[in-house]
>>> print(open('work15.tsv').read())   # TSV, C-alpha atoms
chain	number	residue	atom	x	y	z
A	12	MET	CA	12.29	23.49	55.93
A	13	ALA	CA	10.52	21.65	53.04
A	14	PRO	CA	9.60	18.01	53.51
A	15	VAL	CA	11.88	15.54	51.72
A	16	ARG	CA	10.14	13.51	48.99
A	17	PRO	CA	11.44	10.10	47.97
A	18	VAL	CA	13.12	9.91	44.56
A	19	THR	CA	11.18	7.86	42.01
A	20	PHE	CA	12.46	6.57	38.70
A	21	PRO	CA	10.49	5.82	35.54
A	22	SER	CA	9.55	2.17	35.19
A	23	ASP	CA	11.56	1.69	31.98
A	24	LEU	CA	14.95	2.24	33.62
A	25	THR	CA	16.93	-0.85	34.51
A	26	PHE	CA	18.85	-1.16	37.74
A	27	SER	CA	22.42	-2.32	38.13
A	28	ARG	CA	23.21	-5.56	39.89
A	29	LEU	CA	25.45	-3.87	42.40
A	30	SER	CA	22.89	-1.59	43.93
A	31	PRO	CA	19.14	-1.85	43.37
A	32	SER	CA	18.73	1.88	43.97
A	33	VAL	CA	21.13	3.07	41.25
A	34	PRO	CA	19.65	3.05	37.77
A	35	CYS	CA	21.74	2.08	34.76
A	36	ILE	CA	22.20	4.49	31.89
A	37	GLY	CA	20.37	2.35	29.31
A	38	LEU	CA	16.70	1.58	28.98
A	39	SER	CA	15.28	-1.87	29.41
A	40	PRO	CA	14.80	-4.02	26.31
A	41	LEU	CA	11.02	-3.79	26.62
A	42	SER	CA	10.87	0.00	26.50
A	43	THR	CA	9.51	1.68	23.40
A	44	ALA	CA	10.39	4.92	21.67
A	45	ALA	CA	7.67	6.81	23.51
A	46	GLY	CA	9.11	5.74	26.85
A	47	HIS	CA	6.30	3.33	27.72
A	48	THR	CA	7.00	-0.23	28.72
A	49	ASP	CA	5.45	-2.93	26.57
A	50	ARG	CA	4.75	-5.81	28.93
A	51	HIS	CA	3.27	-8.04	26.17
A	52	PRO	CA	5.52	-7.99	23.10
A	53	GLN	CA	3.65	-10.97	21.59
A	54	ARG	CA	0.72	-8.62	20.89
A	55	ARG	CA	2.93	-6.91	18.31
A	56	VAL	CA	3.36	-10.04	16.18
A	57	PRO	CA	0.19	-9.50	14.08
A	58	GLU	CA	1.21	-5.88	13.50
A	59	ILE	CA	4.61	-7.04	12.27
A	60	GLY	CA	2.84	-9.62	10.11
A	61	LEU	CA	0.69	-6.97	8.46
A	62	GLY	CA	3.80	-4.90	7.79
A	63	LEU	CA	5.58	-7.87	6.24
A	64	THR	CA	2.53	-8.66	4.10
A	65	GLY	CA	2.40	-5.06	2.89
A	66	PHE	CA	6.11	-5.08	2.07
A	67	GLY	CA	5.65	-8.40	0.26
A	68	ILE	CA	2.93	-6.93	-1.93
A	69	PHE	CA	5.06	-3.82	-2.51
A	70	PHE	CA	8.14	-5.84	-3.55
A	71	SER	CA	6.03	-8.06	-5.80
A	72	LEU	CA	4.53	-5.04	-7.55
A	73	LEU	CA	7.99	-3.51	-7.84
A	74	GLY	CA	9.30	-6.76	-9.33
A	75	VAL	CA	6.55	-6.74	-11.96
A	76	LEU	CA	7.18	-3.06	-12.65
A	77	PHE	CA	10.88	-3.76	-13.24
A	78	PHE	CA	10.08	-6.30	-15.96
A	79	PHE	CA	9.68	-9.37	-13.76
A	80	ASP	CA	12.86	-8.99	-11.75
A	81	LYS	CA	13.22	-12.40	-10.12
A	82	GLY	CA	15.04	-11.09	-7.04
A	83	LEU	CA	12.30	-8.60	-6.14
A	84	LEU	CA	9.56	-11.13	-6.91
A	85	ALA	CA	11.19	-13.80	-4.74
A	86	MET	CA	11.66	-11.31	-1.90
A	87	GLY	CA	8.03	-10.20	-2.24
A	88	ASN	CA	6.82	-13.80	-2.12
A	89	ILE	CA	8.85	-14.63	0.97
A	90	LEU	CA	7.75	-11.47	2.79
A	91	PHE	CA	4.10	-12.02	1.83
A	92	LEU	CA	4.01	-15.61	3.06
A	93	SER	CA	5.88	-14.84	6.28
A	94	GLY	CA	3.57	-11.88	6.89
A	95	VAL	CA	0.46	-14.01	6.46
A	96	MET	CA	1.90	-16.59	8.85
A	97	LEU	CA	2.67	-13.97	11.50
A	98	THR	CA	-0.70	-12.27	11.07
A	99	ILE	CA	-3.00	-15.27	11.45
A	100	GLY	CA	-0.61	-17.78	13.00
A	101	LEU	CA	1.18	-20.83	11.65
A	102	LYS	CA	-1.59	-23.30	12.49
A	103	SER	CA	-4.33	-21.18	10.88
A	104	THR	CA	-2.16	-20.60	7.82
A	105	MET	CA	-1.58	-24.33	7.37
A	106	GLN	CA	-5.29	-25.04	7.87
A	107	PHE	CA	-6.20	-22.38	5.29
A	108	PHE	CA	-3.80	-23.69	2.64
A	109	MET	CA	-4.68	-27.34	3.29
A	110	LYS	CA	-8.47	-27.01	3.05
A	111	ARG	CA	-9.94	-29.34	0.46
A	112	GLN	CA	-11.54	-26.51	-1.54
A	113	ASN	CA	-8.19	-24.61	-1.58
A	114	TYR	CA	-6.01	-27.42	-2.99
A	115	LYS	CA	-6.08	-26.09	-6.55
A	116	GLY	CA	-5.08	-22.59	-5.47
A	117	THR	CA	-2.43	-23.87	-3.06
A	118	ILE	CA	-0.78	-26.03	-5.71
A	119	ALA	CA	-0.85	-23.23	-8.29
A	120	PHE	CA	0.52	-20.68	-5.82
A	121	GLY	CA	3.24	-23.04	-4.56
A	122	LEU	CA	4.30	-24.05	-8.06
A	123	GLY	CA	4.40	-20.40	-9.13
A	124	PHE	CA	6.45	-19.56	-6.04
A	125	PHE	CA	8.90	-22.33	-6.93
A	126	LEU	CA	9.15	-21.18	-10.56
A	127	VAL	CA	9.92	-17.62	-9.46
A	128	LEU	CA	12.65	-18.91	-7.14
A	129	ILE	CA	14.34	-20.99	-9.86
A	130	GLY	CA	14.33	-18.12	-12.33
A	131	TRP	CA	11.15	-18.35	-14.45
A	132	PRO	CA	9.38	-15.24	-13.18
A	133	ILE	CA	6.75	-14.69	-15.90
A	134	ILE	CA	5.30	-18.21	-15.84
A	135	GLY	CA	5.65	-18.25	-12.04
A	136	MET	CA	3.72	-15.00	-11.62
A	137	ILE	CA	0.95	-16.22	-13.92
A	138	LEU	CA	0.57	-19.36	-11.82
A	139	GLU	CA	0.82	-17.39	-8.59
A	140	SER	CA	-1.86	-14.96	-9.76
A	141	TYR	CA	-4.22	-17.83	-10.57
A	142	GLY	CA	-3.48	-19.45	-7.21
A	143	PHE	CA	-3.97	-16.16	-5.36
A	144	ILE	CA	-7.35	-15.60	-7.01
A	145	ALA	CA	-8.39	-19.19	-6.34
A	146	LEU	CA	-7.26	-19.06	-2.71
A	147	PHE	CA	-8.67	-15.67	-1.76
A	148	SER	CA	-11.82	-15.59	-3.90
A	149	GLY	CA	-13.92	-16.12	-0.77
A	150	PHE	CA	-12.65	-12.82	0.64
A	151	TRP	CA	-13.63	-10.63	-2.35
A	152	PRO	CA	-17.15	-9.92	-0.95
A	153	THR	CA	-15.64	-8.75	2.33
A	154	LEU	CA	-13.22	-6.56	0.40
A	155	ALA	CA	-16.10	-5.10	-1.63
A	156	VAL	CA	-18.00	-4.15	1.54
A	157	PHE	CA	-14.81	-2.65	2.98
A	158	LEU	CA	-14.20	-0.59	-0.18
A	159	GLN	CA	-17.75	0.75	-0.13
A	160	ARG	CA	-17.28	2.00	3.45
A	161	ILE	CA	-14.01	3.88	2.96
A	162	PRO	CA	-14.78	7.56	3.69
A	163	VAL	CA	-12.97	9.26	0.80
A	164	ILE	CA	-13.40	6.87	-2.13
A	165	GLY	CA	-16.31	4.77	-0.87
A	166	TRP	CA	-18.82	6.78	-2.88
A	167	LEU	CA	-17.14	5.56	-6.08
A	168	PHE	CA	-17.80	1.93	-5.16
A	169	GLN	CA	-21.40	2.78	-4.22
A	170	GLN	CA	-22.25	3.96	-7.74
A	171	PRO	CA	-24.98	1.81	-9.36
A	172	PHE	CA	-22.79	0.32	-12.12
A	173	ILE	CA	-19.96	-0.67	-9.80
A	174	SER	CA	-22.17	-1.82	-6.92
A	175	SER	CA	-24.23	-4.01	-9.29
A	176	PHE	CA	-20.96	-5.54	-10.56
A	177	LEU	CA	-19.81	-6.18	-6.98
A	178	ASP	CA	-23.22	-7.60	-5.97
A	179	ARG	CA	-23.21	-10.00	-8.92
A	180	TYR	CA	-20.11	-11.76	-7.59
A	181	ARG	CA	-21.08	-11.62	-3.93
A	182	PRO	CA	-22.25	-14.96	-2.54
A	183	LYS	CA	-25.19	-15.17	-0.19
A	184	ARG	CA	-22.97	-15.84	2.82
A	185	VAL	CA	-19.81	-13.86	3.49
A	186	PRO	CA	-16.99	-16.13	4.82
A	187	VAL	CA	-15.64	-13.67	7.41
>>> encode(input="work15.tsv", output="structure tokens")
Amino acid sequence: MAPVRPVTFPSDLTFSRLSPSVPCIGLSPLSTAAGHTDRHPQRRVPEIGLGLTGFGIFFSLLGVLFFFDKGLLAMGNILFLSGVMLTIGLKSTMQFFMKRQNYKGTIAFGLGFFLVLIGWPIIGMILESYGFIALFSGFWPTLAVFLQRIPVIGWLFQQPFISSFLDRYRPKRVPV
């Protein structure tokens, strides 16, 4: 006669309250599609933030493509800002927007955001674009280095004409 092995259940099954040995039909709320249990769901917040930021940029571009559709632009703005907040955190976002050297960009971006929401999308997007450039101008050198290291198209950004253009606007110290 074969030895009897104990029955084991996967860790993502929940147990009923009546009997701890009888699993319920459903999976626990922390289980993922692959069947693995995610014990730290707060680690997913930056990933969700990056997704929201990407969707915000997508909706903003779609709003410009559809002749400054104010609904798409407003949705893109809201998704972009919420994505940035989830990616780097609320405190870091507030510190970034409230830095003394970022006041001009913050005011322009906020005023443009408000103008898009009240229905003046063209003027709002012009102000937002200026504010975006003013706010994130310190990150352009980091973006240039990143673009030069992309495997497929990096060689294009390493060409002498383009790399000299990128080097001209690169400060001596990269902020990140």
>>> atom_distance(input="work15.tsv", atom1="atom CA of A:Asp80", atom2="atom CA of A:Leu61")
23.7 Å
>>> axis_aligned_box(input="work15.tsv", around="stretch 156-170 of chain A", padding_each_side="5 Å", output="AutoDock Vina command-line options")
--center_x -17.6 --center_y 2.6 --center_z -2.0 --size_x 19.3 --size_y 23.4 --size_z 21.4
>>> closest_residue(input="work15.tsv", among="A:Val56, A:Leu73, A:Leu83, A:Ala119", to="A:Leu101", atoms="all atoms listed in the file")
A:Val56
>>> closest_residue(input="work15.tsv", among="A:Leu126, A:Gly67, A:Phe77, A:Gly116", to="A:Ile89", atoms="all atoms listed in the file")
A:Gly67
>>> residues_near_point(input="work15.tsv", point="(-4.3, -12.7, 13.9)", cutoff="6 Å", atoms="all atoms listed in the file", output="PyMOL selection string")
chain A and resi 57+98-99
>>> write_last_selection(input="work15.tsv", atoms="C-alpha atoms", output="compact mmCIF listing (two decimals), in the frame of the given file")
# COMPACT_ATOMS: atom_id res chain seq x y z
CA PRO A 57 0.19 -9.50 14.08
CA THR A 98 -0.70 -12.27 11.07
CA ILE A 99 -3.00 -15.27 11.45
>>> closest_residue(input="work15.tsv", among="A:Gly94, A:Gly123, A:Gly87, A:Gly82", to="A:Thr64", atoms="all atoms listed in the file")
A:Gly94
>>> residues_around(input="work15.tsv", residues="A:Ala145", least_positions_apart="4", cutoff="12 Å", atoms="all atoms listed in the file", output="MDAnalysis selection string")
chainID A and resid 108 112:120 138:141 149:151
>>> atom_distance(input="work15.tsv", atom1="atom CA of A:Pro132", atom2="atom CA of A:Leu84")
7.5 Å
>>> atom_distance(input="work15.tsv", atom1="atom CA of A:Leu146", atom2="atom CA of A:Gln106")
12.3 Å
>>> closest_residue(input="work15.tsv", among="A:Met105, A:Ile59, A:Leu177, A:Leu167", to="A:Phe91", atoms="only C-alpha atoms")
A:Ile59
>>> closest_residue(input="work15.tsv", among="A:Phe147, A:Phe176, A:Phe124, A:Phe157", to="A:Phe107", atoms="all atoms listed in the file")
A:Phe147
>>> decode(input="work15.tsv", residues="stretch 53-89 of chain A", atoms="C-alpha atoms", output="mmCIF file, in the first residue's frame")
data_model
loop_
_atom_site.group_PDB
_atom_site.id
_atom_site.type_symbol
_atom_site.label_atom_id
_atom_site.label_comp_id
_atom_site.auth_asym_id
_atom_site.auth_seq_id
_atom_site.Cartn_x
_atom_site.Cartn_y
_atom_site.Cartn_z
ATOM 1 C CA GLN A 53 2.103 49.306 -2.383
ATOM 2 C CA ARG A 54 5.095 48.432 -4.590
ATOM 3 C CA ARG A 55 2.737 48.599 -7.571
ATOM 4 C CA VAL A 56 1.840 52.260 -7.012
ATOM 5 C CA PRO A 57 4.783 53.683 -9.039
ATOM 6 C CA GLU A 58 3.970 51.279 -11.873
ATOM 7 C CA ILE A 59 0.382 52.498 -11.877
ATOM 8 C CA GLY A 60 1.694 56.068 -11.794
ATOM 9 C CA LEU A 61 3.832 55.495 -14.870
ATOM 10 C CA GLY A 62 0.832 54.014 -16.649
ATOM 11 C CA LEU A 63 -1.336 56.996 -15.735
ATOM 12 C CA THR A 64 1.389 59.395 -16.883
ATOM 13 C CA GLY A 65 1.641 57.577 -20.202
ATOM 14 C CA PHE A 66 -2.128 57.645 -20.670
ATOM 15 C CA GLY A 67 -2.119 61.350 -19.782
ATOM 16 C CA ILE A 68 0.431 62.096 -22.485
ATOM 17 C CA PHE A 69 -1.515 59.913 -24.928
ATOM 18 C CA PHE A 70 -4.829 61.684 -24.234
ATOM 19 C CA SER A 71 -3.158 65.087 -24.470
ATOM 20 C CA LEU A 72 -1.656 64.232 -27.851
ATOM 21 C CA LEU A 73 -5.002 62.843 -28.972
ATOM 22 C CA GLY A 74 -6.705 66.052 -27.833
ATOM 23 C CA VAL A 75 -4.286 68.152 -29.879
ATOM 24 C CA LEU A 76 -4.717 65.829 -32.849
ATOM 25 C CA PHE A 77 -8.501 66.251 -32.684
ATOM 26 C CA PHE A 78 -8.205 70.025 -33.008
ATOM 27 C CA PHE A 79 -7.783 70.868 -29.326
ATOM 28 C CA ASP A 80 -10.680 68.838 -27.987
ATOM 29 C CA LYS A 81 -11.099 70.211 -24.480
ATOM 30 C CA GLY A 82 -12.451 66.955 -23.026
ATOM 31 C CA LEU A 83 -9.455 64.894 -24.134
ATOM 32 C CA LEU A 84 -7.017 67.621 -23.090
ATOM 33 C CA ALA A 85 -8.581 67.924 -19.638
ATOM 34 C CA MET A 86 -8.537 64.143 -19.198
ATOM 35 C CA GLY A 87 -4.901 64.031 -20.330
ATOM 36 C CA ASN A 88 -3.952 66.752 -17.850
ATOM 37 C CA ILE A 89 -5.672 65.042 -14.944
#
